file protein.cif (mmCIF, C-alpha atoms)
data_protein
loop_
_atom_site.label_atom_id
_atom_site.label_comp_id
_atom_site.auth_asym_id
_atom_site.auth_seq_id
_atom_site.Cartn_x
_atom_site.Cartn_y
_atom_site.Cartn_z
CA MET A 1 114.64 70.78 133.54
CA PRO A 2 114.07 73.64 131.06
CA TYR A 3 116.81 76.20 130.57
CA VAL A 4 116.06 79.51 132.24
CA PRO A 5 118.68 82.22 131.67
CA GLU A 6 120.03 84.16 134.61
CA GLU A 7 118.38 87.43 133.51
CA ALA A 8 114.96 85.71 133.50
CA HIS A 9 114.59 86.32 137.21
CA GLN A 10 116.16 89.34 138.89
CA GLU A 11 115.61 88.99 142.61
CA HIS A 12 114.36 92.52 143.21
CA PHE A 13 111.23 91.78 141.16
CA GLY A 14 110.13 89.11 143.59
CA THR A 15 108.72 86.71 141.04
CA PRO A 16 109.39 86.12 137.31
CA GLU A 17 105.77 87.10 136.64
CA ARG A 18 106.31 90.49 138.27
CA GLN A 19 109.51 90.92 136.26
CA LYS A 20 107.69 90.26 133.01
CA GLU A 21 104.88 92.62 133.98
CA ALA A 22 107.44 95.36 134.72
CA ALA A 23 109.16 94.82 131.36
CA THR A 24 105.84 94.89 129.50
CA LEU A 25 104.67 98.02 131.30
CA GLY A 26 108.03 99.63 130.51
CA ILE A 27 107.73 99.01 126.78
CA TRP A 28 104.10 100.21 126.73
CA VAL A 29 105.09 103.47 128.45
CA PHE A 30 107.99 103.80 126.02
CA LEU A 31 105.65 103.31 123.06
CA ALA A 32 103.33 105.96 124.50
CA THR A 33 106.23 108.45 124.48
CA GLU A 34 107.11 107.34 120.95
CA LEU A 35 103.60 108.29 119.85
CA LEU A 36 104.14 111.74 121.34
CA ILE A 37 107.25 112.12 119.14
CA PHE A 38 104.97 111.74 116.13
CA SER A 39 102.31 114.01 117.65
CA GLY A 40 103.94 117.29 116.64
CA LEU A 41 104.09 116.24 113.01
CA PHE A 42 100.53 114.88 113.05
CA VAL A 43 99.36 118.21 114.46
CA GLY A 44 101.39 120.05 111.80
CA TYR A 45 99.69 117.92 109.16
CA GLY A 46 96.27 118.76 110.58
CA GLU A 47 96.99 122.47 110.61
CA TYR A 48 98.40 122.68 107.10
CA ARG A 49 95.76 120.41 105.64
CA TYR A 50 93.14 122.77 107.05
CA LEU A 51 94.94 125.79 105.62
CA TYR A 52 95.90 124.31 102.22
CA ASN A 53 93.20 121.71 101.66
CA ASP A 54 93.02 122.23 97.88
CA ALA A 55 96.79 122.16 97.49
CA PHE A 56 97.01 118.95 99.56
CA HIS A 57 94.46 117.32 97.26
CA ALA A 58 96.29 118.56 94.17
CA ALA A 59 99.63 117.26 95.47
CA GLY A 60 98.03 114.06 96.77
CA GLU A 61 97.02 113.13 93.22
CA HIS A 62 100.69 112.63 92.37
CA VAL A 63 101.81 110.21 95.07
CA LEU A 64 102.00 106.54 94.13
CA HIS A 65 98.68 105.37 95.58
CA TRP A 66 99.13 101.73 94.58
CA LEU A 67 102.54 101.65 96.22
CA GLY A 68 101.02 102.96 99.45
CA LEU A 69 98.65 99.99 99.45
CA VAL A 70 101.51 97.58 98.74
CA LEU A 71 103.58 99.09 101.58
CA THR A 72 100.58 98.71 103.91
CA ILE A 73 100.14 95.06 102.99
CA VAL A 74 103.86 94.35 103.41
CA LEU A 75 104.14 96.01 106.83
CA ALA A 76 100.86 94.60 108.18
CA SER A 77 101.95 91.13 107.06
CA SER A 78 105.31 91.62 108.74
CA SER A 79 103.51 92.63 111.93
CA PHE A 80 101.27 89.55 111.75
CA VAL A 81 104.23 87.23 111.17
CA ALA A 82 106.04 88.86 114.10
CA SER A 83 103.08 87.94 116.31
CA LEU A 84 103.56 84.33 115.20
CA THR A 85 107.15 84.62 116.44
CA VAL A 86 105.89 85.46 119.92
CA ARG A 87 103.42 82.57 119.79
CA ALA A 88 106.23 80.13 118.89
CA ALA A 89 108.65 81.61 121.47
CA ARG A 90 106.09 81.32 124.25
CA ARG A 91 105.77 77.63 123.46
CA GLY A 92 109.52 77.09 123.38
CA ARG A 93 109.52 76.35 119.65
CA VAL A 94 112.75 78.21 119.00
CA LEU A 95 113.30 77.10 115.40
CA SER A 96 109.78 78.18 114.42
CA ALA A 97 110.29 81.48 116.20
CA ILE A 98 113.55 82.06 114.30
CA ALA A 99 111.88 81.23 110.98
CA TRP A 100 108.91 83.57 111.61
CA LEU A 101 111.20 86.33 112.80
CA LEU A 102 113.35 86.04 109.66
CA VAL A 103 110.22 86.32 107.51
CA ALA A 104 109.06 89.38 109.48
CA MET A 105 112.47 91.00 109.07
CA ALA A 106 112.58 90.20 105.35
CA LEU A 107 109.21 91.91 104.90
CA GLY A 108 110.55 94.87 106.88
CA VAL A 109 113.55 95.13 104.57
CA LEU A 110 111.23 94.89 101.55
CA PHE A 111 109.20 97.77 103.00
CA MET A 112 112.35 99.88 103.30
CA VAL A 113 113.54 99.11 99.77
CA LEU A 114 110.14 99.97 98.25
CA HIS A 115 109.93 103.15 100.30
CA LEU A 116 113.43 104.28 99.30
CA TRP A 117 112.54 103.69 95.67
CA GLU A 118 109.41 105.79 96.16
CA TRP A 119 111.42 108.66 97.63
CA TYR A 120 113.82 108.44 94.69
CA HIS A 121 110.87 108.55 92.27
CA HIS A 122 109.48 111.71 93.88
CA ALA A 123 112.90 113.35 94.18
CA LYS A 124 113.51 112.74 90.48
CA GLU A 125 110.27 114.56 89.66
CA GLY A 126 111.23 117.54 91.81
CA ALA A 127 108.78 116.79 94.64
CA LEU A 128 111.36 117.58 97.29
CA PRO A 129 110.89 119.13 100.73
CA GLY A 130 111.04 122.84 101.50
CA GLU A 131 112.96 125.18 99.22
CA LEU A 132 114.14 122.30 97.06
CA TYR A 133 110.60 121.77 95.78
CA HIS A 134 110.26 122.24 92.01
CA PHE A 135 107.52 119.76 91.12
CA GLU A 136 105.79 121.21 88.06
CA LYS A 137 102.62 119.12 88.31
CA ALA A 138 101.57 120.72 91.61
CA THR A 139 102.56 124.36 91.89
CA MET A 140 99.83 125.71 94.18
CA PRO A 141 100.99 127.33 97.40
CA GLY A 142 100.88 124.60 100.01
CA ALA A 143 101.74 121.74 97.64
CA SER A 144 105.35 121.87 98.78
CA VAL A 145 104.13 121.72 102.39
CA PHE A 146 102.34 118.45 101.59
CA PHE A 147 105.56 116.92 100.33
CA THR A 148 107.62 118.40 103.18
CA LEU A 149 105.28 116.75 105.68
CA TYR A 150 105.34 113.59 103.59
CA TYR A 151 109.14 113.38 103.89
CA LEU A 152 109.15 114.36 107.57
CA LEU A 153 106.52 111.85 108.68
CA THR A 154 107.56 108.97 106.43
CA GLY A 155 111.21 109.77 107.24
CA LEU A 156 110.58 109.59 110.98
CA HIS A 157 108.65 106.40 110.39
CA MET A 158 111.51 104.95 108.33
CA LEU A 159 113.86 105.76 111.21
CA HIS A 160 111.57 103.69 113.42
CA VAL A 161 111.53 100.88 110.86
CA THR A 162 115.35 100.90 110.92
CA VAL A 163 115.45 100.83 114.72
CA GLY A 164 112.74 98.15 114.72
CA LEU A 165 114.78 95.94 112.41
CA GLY A 166 117.75 96.43 114.74
CA LEU A 167 115.63 95.37 117.71
CA LEU A 168 114.28 92.35 115.84
CA SER A 169 117.90 91.41 115.08
CA PHE A 170 118.55 91.53 118.83
CA GLY A 171 115.59 89.20 119.39
CA LEU A 172 116.89 86.91 116.67
CA LEU A 173 120.32 86.84 118.32
CA ARG A 174 118.76 85.84 121.64
CA LEU A 175 116.82 83.06 119.94
CA VAL A 176 119.89 81.78 118.09
CA GLN A 177 121.92 81.89 121.32
CA GLY A 178 119.29 79.69 122.95
CA ARG A 179 118.48 82.32 125.57
CA ILE A 180 114.75 82.23 124.84
CA SER A 181 112.53 79.45 126.12
CA ALA A 182 108.90 78.79 127.00
CA GLU A 183 109.74 79.99 130.53
CA TYR A 184 111.42 83.22 129.37
CA SER A 185 110.37 84.88 126.10
CA THR A 186 110.21 88.49 127.32
CA PRO A 187 113.06 89.90 125.14
CA VAL A 188 111.37 88.65 121.97
CA GLU A 189 107.97 89.87 123.13
CA VAL A 190 109.11 93.43 123.83
CA VAL A 191 111.01 93.90 120.56
CA VAL A 192 108.02 92.56 118.64
CA LEU A 193 105.78 95.04 120.50
CA TYR A 194 107.97 97.84 119.13
CA TRP A 195 107.62 96.38 115.62
CA HIS A 196 103.82 96.35 115.93
CA PHE A 197 103.95 100.01 116.96
CA VAL A 198 105.76 100.81 113.71
CA ASP A 199 102.85 99.16 111.89
CA VAL A 200 100.30 101.14 113.93
CA ILE A 201 101.85 104.45 112.86
CA TRP A 202 101.81 103.36 109.21
CA GLN A 203 98.09 102.57 109.37
CA PHE A 204 97.56 106.33 109.77
CA LEU A 205 100.26 107.56 107.37
CA PHE A 206 98.63 105.54 104.59
CA PRO A 207 95.33 107.49 104.49
CA LEU A 208 97.00 110.81 105.32
CA PHE A 209 99.37 110.75 102.33
CA TYR A 210 98.35 108.04 99.88
CA LEU A 211 94.58 108.39 99.87
CA VAL A 212 94.29 112.16 99.43
CA ARG A 213 92.34 112.56 96.22
CA SER A 214 90.06 115.25 94.91
CA MET B 14 101.60 81.99 130.31
CA ILE B 15 101.50 84.41 133.20
CA ARG B 16 98.58 84.32 135.58
CA SER B 17 98.48 87.03 138.17
CA ASP B 18 96.39 89.97 139.27
CA GLN B 19 97.92 92.00 136.43
CA HIS B 20 97.15 89.47 133.74
CA SER B 21 93.86 88.17 132.39
CA GLY B 22 95.19 84.61 132.11
CA ARG B 23 93.78 84.32 128.58
CA GLU B 24 96.02 84.04 125.54
CA VAL B 25 95.07 85.54 122.20
CA SER B 26 94.31 82.64 119.86
CA LEU B 27 95.90 82.03 116.48
CA ALA B 28 92.46 82.30 114.89
CA GLU B 29 92.01 85.78 116.35
CA GLN B 30 95.36 86.88 114.95
CA VAL B 31 94.64 85.45 111.50
CA VAL B 32 91.22 87.12 111.45
CA GLY B 33 92.90 90.34 112.60
CA TRP B 34 95.44 90.21 109.78
CA LEU B 35 92.75 89.58 107.15
CA ALA B 36 90.59 92.34 108.65
CA ILE B 37 93.47 94.83 108.43
CA MET B 38 93.95 93.96 104.75
CA ALA B 39 90.24 94.25 104.04
CA ILE B 40 89.89 97.55 105.90
CA GLN B 41 92.81 99.22 104.17
CA GLY B 42 91.60 97.81 100.84
CA LEU B 43 88.22 99.42 101.57
CA ASN B 44 90.02 102.62 102.53
CA TYR B 45 91.89 102.54 99.22
CA GLY B 46 88.65 102.06 97.30
CA LEU B 47 86.94 104.85 99.23
CA SER B 48 89.64 107.28 98.12
CA TRP B 49 87.89 107.40 94.71
CA VAL B 50 84.47 108.03 96.21
CA PRO B 51 83.53 111.74 96.40
CA LEU B 52 82.67 111.88 100.10
CA GLY B 53 83.66 115.53 100.42
CA GLU B 54 84.66 116.66 103.87
CA ALA B 55 83.54 113.37 105.39
CA LYS B 56 86.28 111.46 103.58
CA LEU B 57 89.16 112.17 105.98
CA PRO B 58 87.18 111.34 109.15
CA VAL B 59 85.95 108.10 107.54
CA GLN B 60 89.49 107.15 106.48
CA LEU B 61 90.88 107.88 109.93
CA ALA B 62 88.04 105.96 111.58
CA LEU B 63 88.94 102.90 109.49
CA ALA B 64 92.62 103.33 110.41
CA THR B 65 91.56 103.51 114.06
CA VAL B 66 89.79 100.16 113.73
CA ASN B 67 93.12 98.76 112.53
CA LEU B 68 94.84 100.38 115.50
CA GLY B 69 92.42 98.49 117.73
CA ILE B 70 93.04 95.17 115.97
CA ILE B 71 96.83 95.51 116.11
CA THR B 72 96.98 96.56 119.75
CA TRP B 73 94.30 94.17 121.00
CA TRP B 74 95.32 90.98 119.19
CA PHE B 75 98.81 91.43 117.76
CA MET B 76 100.23 93.35 120.74
CA HIS B 77 98.31 91.11 123.17
CA LEU B 78 96.58 93.97 124.96
CA ALA B 79 93.62 91.60 125.32
CA GLU B 80 95.76 89.58 127.72
CA GLU B 81 96.77 92.51 129.88
CA LYS B 82 95.15 94.14 132.86
CA GLY B 83 95.79 97.29 134.83
CA THR B 84 98.09 100.13 133.85
CA ARG B 85 99.46 98.50 130.72
CA ARG B 86 96.09 98.84 129.06
CA PHE B 87 96.06 102.58 129.65
CA ALA B 88 99.55 103.69 128.56
CA LEU B 89 98.86 103.99 124.83
CA PRO B 90 95.26 105.27 125.09
CA THR B 91 96.56 108.01 127.41
CA ALA B 92 99.12 109.08 124.82
CA ILE B 93 96.43 109.03 122.12
CA GLY B 94 94.28 111.19 124.39
CA PHE B 95 97.10 113.74 124.73
CA LEU B 96 97.61 113.73 120.96
CA LEU B 97 93.91 114.40 120.38
CA LEU B 98 93.93 117.15 123.00
CA LEU B 99 96.92 118.83 121.34
CA LEU B 100 95.36 118.45 117.90
CA SER B 101 92.03 119.89 119.09
CA ILE B 102 93.61 122.93 120.68
CA VAL B 103 95.77 123.71 117.65
CA MET B 104 92.91 123.21 115.20
CA LEU B 105 90.66 125.41 117.32
CA ASP B 106 93.29 128.12 117.15
CA VAL B 107 93.83 127.82 113.40
CA ALA B 108 90.12 127.70 112.60
CA THR B 109 89.20 130.75 114.66
CA ARG B 110 92.11 133.07 113.85
CA PHE B 111 91.72 136.48 112.27
CA PRO B 112 92.04 135.21 108.64
CA PRO B 113 95.04 137.31 107.57
CA ALA B 114 96.98 135.87 110.50
CA ASN B 115 97.04 132.51 108.74
CA PRO B 116 99.93 131.73 106.39
CA ASN B 117 97.52 131.13 103.50
CA ALA B 118 96.12 134.66 103.74
CA VAL B 119 96.25 135.30 100.03
CA GLN B 120 97.63 138.77 99.65
CA LYS B 121 100.31 139.40 97.15
CA GLU B 122 102.49 141.15 99.71
CA LEU B 123 102.32 138.17 102.03
CA MET B 124 103.15 135.49 99.46
CA PRO B 125 106.43 133.72 100.11
CA ARG B 126 109.26 134.89 97.90
CA ARG B 127 109.83 131.48 96.38
CA PRO B 128 111.54 131.69 92.97
CA LEU B 129 109.33 130.31 90.23
CA PRO B 130 110.49 127.16 88.44
CA SER B 131 112.62 128.02 85.45
CA ARG B 132 111.44 125.00 83.48
CA THR B 133 108.89 125.08 80.68
CA ALA B 134 105.33 124.64 81.89
CA PRO B 135 103.71 121.32 80.94
CA PRO B 136 101.31 121.44 77.95
CA GLY B 137 97.90 122.76 78.92
CA ALA B 138 99.08 124.16 82.25
CA GLN B 139 97.36 127.30 83.44
CA PRO B 140 99.56 130.04 84.90
CA PHE B 141 99.12 130.50 88.62
CA ARG B 142 96.86 133.41 89.50
CA LEU B 143 96.14 134.82 92.90
CA PRO B 144 92.43 135.23 93.69
CA GLY B 145 91.26 138.58 92.44
CA GLN B 146 93.96 138.85 89.78
#

call {"tool": "encode", "arguments": {"input": "protein.cif", "output": "structure tokens"}}
result
Amino acid sequence: MPYVPEEAHQEHFGTPERQKEAATLGIWVFLATELLIFSGLFVGYGEYRYLYNDAFHAAGEHVLHWLGLVLTIVLASSSFVASLTVRAARRGRVLSAIAWLLVAMALGVLFMVLHLWEWYHHAKEGALPGELYHFEKATMPGASVFFTLYYLLTGLHMLHVTVGLGLLSFGLLRLVQGRISAEYSTPVEVVVLYWHFVDVIWQFLFPLFYLVRS
Amino acid sequence: MIRSDQHSGREVSLAEQVVGWLAIMAIQGLNYGLSWVPLGEAKLPVQLALATVNLGIITWWFMHLAEEKGTRRFALPTAIGFLLLLLSIVMLDVATRFPPANPNAVQKELMPRRPLPSRTAPPGAQPFRLPGQ
């Protein structure tokens, strides 16, 4: 008789299938609202890129393009590995799920470390947000706006990476506690959905900031 | 594996996810390469179109949207629709404004009073000039 935790079937949902559908719909609606949090900044980017197109291209020459590609590979790989976690959890292969989740989290931590180093690199050069900006290689009006938006959008994204890692830790805890089985893998599935969303946002930040060249 | 009226009953295969991962790498690699190509104003739309393909791959295969039915398939596209609506309205406003109403209206009096850097200019740097100066 497989182990099914108590929370796997709350009576008011009727059936476990309905409960899972409700949980999945809940996380999808939550992710939709998360996208709207980013919307304001995406719109701000669109407006200022239209107004300061030349300055954005001048400033965009000085970001670390190669690092953007590396960050993309690391996060996309983490997202892929996280999907393997769900595959293993759905089949009740808890040890495999734990291993894949640890790899996904390690790649997430690597992403954060590389990104923090990148921020440090730009800060050292004077490419700071707002009034702190004193980057001598891009002095056109609007160049500071590029870097302000860069910090705002990548900063908000980093906040999501941090939260995502926290949620993945929660999924890991549930796996280690033995509260995930082939019959009930919803907690792992929903936290991994959040992690994929973090990757989705990055797919757009990459061309908007790292591929702006003249 | 859930089978109900809200679920397609099909599970995304491992092969689909592996292909998806490789496709994401290839597409962003292509995007990276395209950044050197002088595509002019078409460059940003092309780059965003490629990123949108990746969005589709991640949501459809990694996030298992291919397995879902009903309202769950529409939550994220609805939010994307709202984002595009907001973006369109704002861009329409910015693009059709009386030019001096925009913050980049280059008039000396309107320039922000940002103090100039006190450091020595890099070799070969040209001093900043406003248009018409």

call {"tool": "resolve_selection", "arguments": {"input": "protein.cif", "expression": "the PyMOL selection byres ((chain B) within 6 of (chain A))", "output": "PDB file with C-alpha atoms, in the coordinates of the input"}}
result
ATOM      1  CA  SER B  48      89.640 107.280  98.120  1.00  0.00           C
ATOM      2  CA  ALA B  64      92.620 103.330 110.410  1.00  0.00           C
ATOM      3  CA  LEU B  68      94.840 100.380 115.500  1.00  0.00           C
ATOM      4  CA  PHE B  75      98.810  91.430 117.760  1.00  0.00           C
ATOM      5  CA  MET B  76     100.230  93.350 120.740  1.00  0.00           C
ATOM      6  CA  ARG B  85      99.460  98.500 130.720  1.00  0.00           C
ATOM      7  CA  ALA B  88      99.550 103.690 128.560  1.00  0.00           C
ATOM      8  CA  LEU B  89      98.860 103.990 124.830  1.00  0.00           C
ATOM      9  CA  ALA B  92      99.120 109.080 124.820  1.00  0.00           C
ATOM     10  CA  LEU B  96      97.610 113.730 120.960  1.00  0.00           C
ATOM     11  CA  LEU B 100      95.360 118.450 117.900  1.00  0.00           C
TER      12      LEU B 100
END

call {"tool": "atom_distance", "arguments": {"input": "protein.cif", "atom1": "atom CA of B:Leu43", "atom2": "atom CA of A:Ala55"}}
result
24.6 Å

call {"tool": "atom_distance", "arguments": {"input": "protein.cif", "atom1": "atom CA of B:Ala138", "atom2": "atom CA of A:Ala59"}}
result
14.9 Å

call {"tool": "atom_distance", "arguments": {"input": "protein.cif", "atom1": "atom CA of A:Phe56", "atom2": "atom CA of A:Tyr150"}}
result
10.7 Å

call {"tool": "residues_around", "arguments": {"input": "protein.cif", "residues": "B:Asn67", "least_positions_apart": "6", "cutoff": "9 Å", "atoms": "only C-alpha atoms", "output": "VMD selection string"}}
result
(chain A and resid 200 203) or (chain B and resid 33 36 to 37 40 to 41)

call {"tool": "residues_around", "arguments": {"input": "protein.cif", "residues": "stretch 177-181 of chain A", "least_positions_apart": "2", "cutoff": "8 Å", "atoms": "only C-alpha atoms", "output": "number ranges by chain"}}
result
A: 2-5, 89-94, 173-175, 183-185, 187-188

call {"tool": "residues_around", "arguments": {"input": "protein.cif", "residues": "stretch 117-121 of chain A", "least_positions_apart": "6", "cutoff": "9 Å", "atoms": "all atoms listed in the file", "output": "ChimeraX atom specification"}}
result
/A:63-64,67,127-128,151

call {"tool": "resolve_selection", "arguments": {"input": "protein.cif", "expression": "the PyMOL selection byres ((chain A and resi 166) around 12)", "output": "compact mmCIF listing (two decimals) with C-alpha atoms, in the frame of the given file"}}
result
# COMPACT_ATOMS: atom_id res chain seq x y z
CA MET A 105 112.47 91.00 109.07
CA GLY A 108 110.55 94.87 106.88
CA VAL A 109 113.55 95.13 104.57
CA LEU A 159 113.86 105.76 111.21
CA HIS A 160 111.57 103.69 113.42
CA VAL A 161 111.53 100.88 110.86
CA THR A 162 115.35 100.90 110.92
CA VAL A 163 115.45 100.83 114.72
CA GLY A 164 112.74 98.15 114.72
CA LEU A 165 114.78 95.94 112.41
CA LEU A 167 115.63 95.37 117.71
CA LEU A 168 114.28 92.35 115.84
CA SER A 169 117.90 91.41 115.08
CA PHE A 170 118.55 91.53 118.83
CA GLY A 171 115.59 89.20 119.39
CA LEU A 172 116.89 86.91 116.67
CA LEU A 173 120.32 86.84 118.32
CA VAL A 191 111.01 93.90 120.56
CA VAL A 192 108.02 92.56 118.64
CA TYR A 194 107.97 97.84 119.13
CA TRP A 195 107.62 96.38 115.62

call {"tool": "residues_around", "arguments": {"input": "protein.cif", "residues": "A:Leu152", "least_positions_apart": "5", "cutoff": "9 Å", "atoms": "only C-alpha atoms", "output": "VMD selection string"}}
result
chain A and resid 41 129 147 157

call {"tool": "write_last_selection", "arguments": {"input": "protein.cif", "atoms": "C-alpha atoms", "output": "short mmCIF file (atom, residue, chain, number, x, y, z; two decimals), keeping the file's coordinate frame"}}
result
data_model
loop_
_atom_site.label_atom_id
_atom_site.label_comp_id
_atom_site.auth_asym_id
_atom_site.auth_seq_id
_atom_site.Cartn_x
_atom_site.Cartn_y
_atom_site.Cartn_z
CA LEU A 41 104.09 116.24 113.01
CA PRO A 129 110.89 119.13 100.73
CA PHE A 147 105.56 116.92 100.33
CA HIS A 157 108.65 106.40 110.39
#

call {"tool": "closest_residue", "arguments": {"input": "protein.cif", "among": "B:Arg110, B:Ile102, B:Pro136, B:Glu24", "to": "B:Glu80", "atoms": "only C-alpha atoms"}}
result
B:Glu24

call {"tool": "decode", "arguments": {"input": "protein.cif", "residues": "stretch 66-86 of chain A", "atoms": "N, CA, C and O atoms", "output": "CSV table (one decimal), in the first residue's frame"}}
result
chain,number,residue,atom,x,y,z
A,66,TRP,N,29.1,37.8,-23.1
A,66,TRP,CA,29.4,36.4,-22.9
A,66,TRP,C,28.9,35.9,-21.6
A,66,TRP,O,28.4,34.8,-21.5
A,67,LEU,N,28.9,36.7,-20.6
A,67,LEU,CA,28.4,36.3,-19.3
A,67,LEU,C,26.9,36.1,-19.3
A,67,LEU,O,26.3,35.2,-18.7
A,68,GLY,N,26.2,37.0,-20.1
A,68,GLY,CA,24.8,36.8,-20.3
A,68,GLY,C,24.4,35.5,-20.9
A,68,GLY,O,23.5,34.8,-20.5
A,69,LEU,N,25.2,35.1,-21.9
A,69,LEU,CA,25.0,33.8,-22.5
A,69,LEU,C,25.2,32.6,-21.5
A,69,LEU,O,24.4,31.7,-21.4
A,70,VAL,N,26.3,32.8,-20.7
A,70,VAL,CA,26.6,31.7,-19.7
A,70,VAL,C,25.4,31.7,-18.7
A,70,VAL,O,25.0,30.6,-18.3
A,71,LEU,N,24.9,32.8,-18.2
A,71,LEU,CA,23.8,32.8,-17.3
A,71,LEU,C,22.6,32.2,-17.9
A,71,LEU,O,21.9,31.5,-17.2
A,72,THR,N,22.4,32.4,-19.2
A,72,THR,CA,21.2,31.8,-19.8
A,72,THR,C,21.3,30.3,-19.9
A,72,THR,O,20.3,29.6,-19.6
A,73,ILE,N,22.5,29.8,-20.2
A,73,ILE,CA,22.7,28.4,-20.3
A,73,ILE,C,22.5,27.8,-18.9
A,73,ILE,O,21.9,26.7,-18.7
A,74,VAL,N,23.1,28.4,-17.9
A,74,VAL,CA,23.0,27.9,-16.5
A,74,VAL,C,21.6,27.8,-16.0
A,74,VAL,O,21.1,26.8,-15.5
A,75,LEU,N,20.8,28.9,-16.3
A,75,LEU,CA,19.4,28.9,-15.7
A,75,LEU,C,18.5,28.0,-16.6
A,75,LEU,O,17.6,27.3,-16.0
A,76,ALA,N,18.7,27.9,-17.9
A,76,ALA,CA,17.9,27.0,-18.7
A,76,ALA,C,18.2,25.6,-18.3
A,76,ALA,O,17.3,24.7,-18.3
A,77,SER,N,19.5,25.3,-18.1
A,77,SER,CA,19.8,23.9,-17.7
A,77,SER,C,19.2,23.6,-16.3
A,77,SER,O,18.7,22.4,-16.1
A,78,SER,N,19.2,24.5,-15.4
A,78,SER,CA,18.6,24.3,-14.1
A,78,SER,C,17.1,24.0,-14.2
A,78,SER,O,16.5,23.1,-13.6
A,79,SER,N,16.5,24.8,-15.1
A,79,SER,CA,15.0,24.6,-15.4
A,79,SER,C,14.8,23.2,-16.0
A,79,SER,O,13.8,22.5,-15.6
A,80,PHE,N,15.6,22.8,-16.9
A,80,PHE,CA,15.5,21.4,-17.5
A,80,PHE,C,15.7,20.3,-16.4
A,80,PHE,O,14.8,19.4,-16.4
A,81,VAL,N,16.7,20.5,-15.6
A,81,VAL,CA,16.9,19.5,-14.6
A,81,VAL,C,15.8,19.5,-13.6
A,81,VAL,O,15.4,18.4,-13.1
A,82,ALA,N,15.2,20.6,-13.3
A,82,ALA,CA,14.0,20.7,-12.4
A,82,ALA,C,12.9,19.9,-13.0
A,82,ALA,O,12.1,19.3,-12.2
A,83,SER,N,12.7,19.9,-14.3
A,83,SER,CA,11.6,19.2,-14.9
A,83,SER,C,11.9,17.6,-14.8
A,83,SER,O,10.9,16.9,-14.7
A,84,LEU,N,13.2,17.3,-14.7
A,84,LEU,CA,13.5,15.9,-14.5
A,84,LEU,C,13.1,15.5,-13.0
A,84,LEU,O,12.8,14.3,-12.8
A,85,THR,N,13.2,16.4,-12.1
A,85,THR,CA,12.8,16.2,-10.7
A,85,THR,C,11.3,15.8,-10.7
A,85,THR,O,10.9,14.8,-10.0
A,86,VAL,N,10.5,16.5,-11.4
A,86,VAL,CA,9.0,16.3,-11.5
A,86,VAL,C,8.8,14.9,-12.1
A,86,VAL,O,8.0,14.1,-11.6
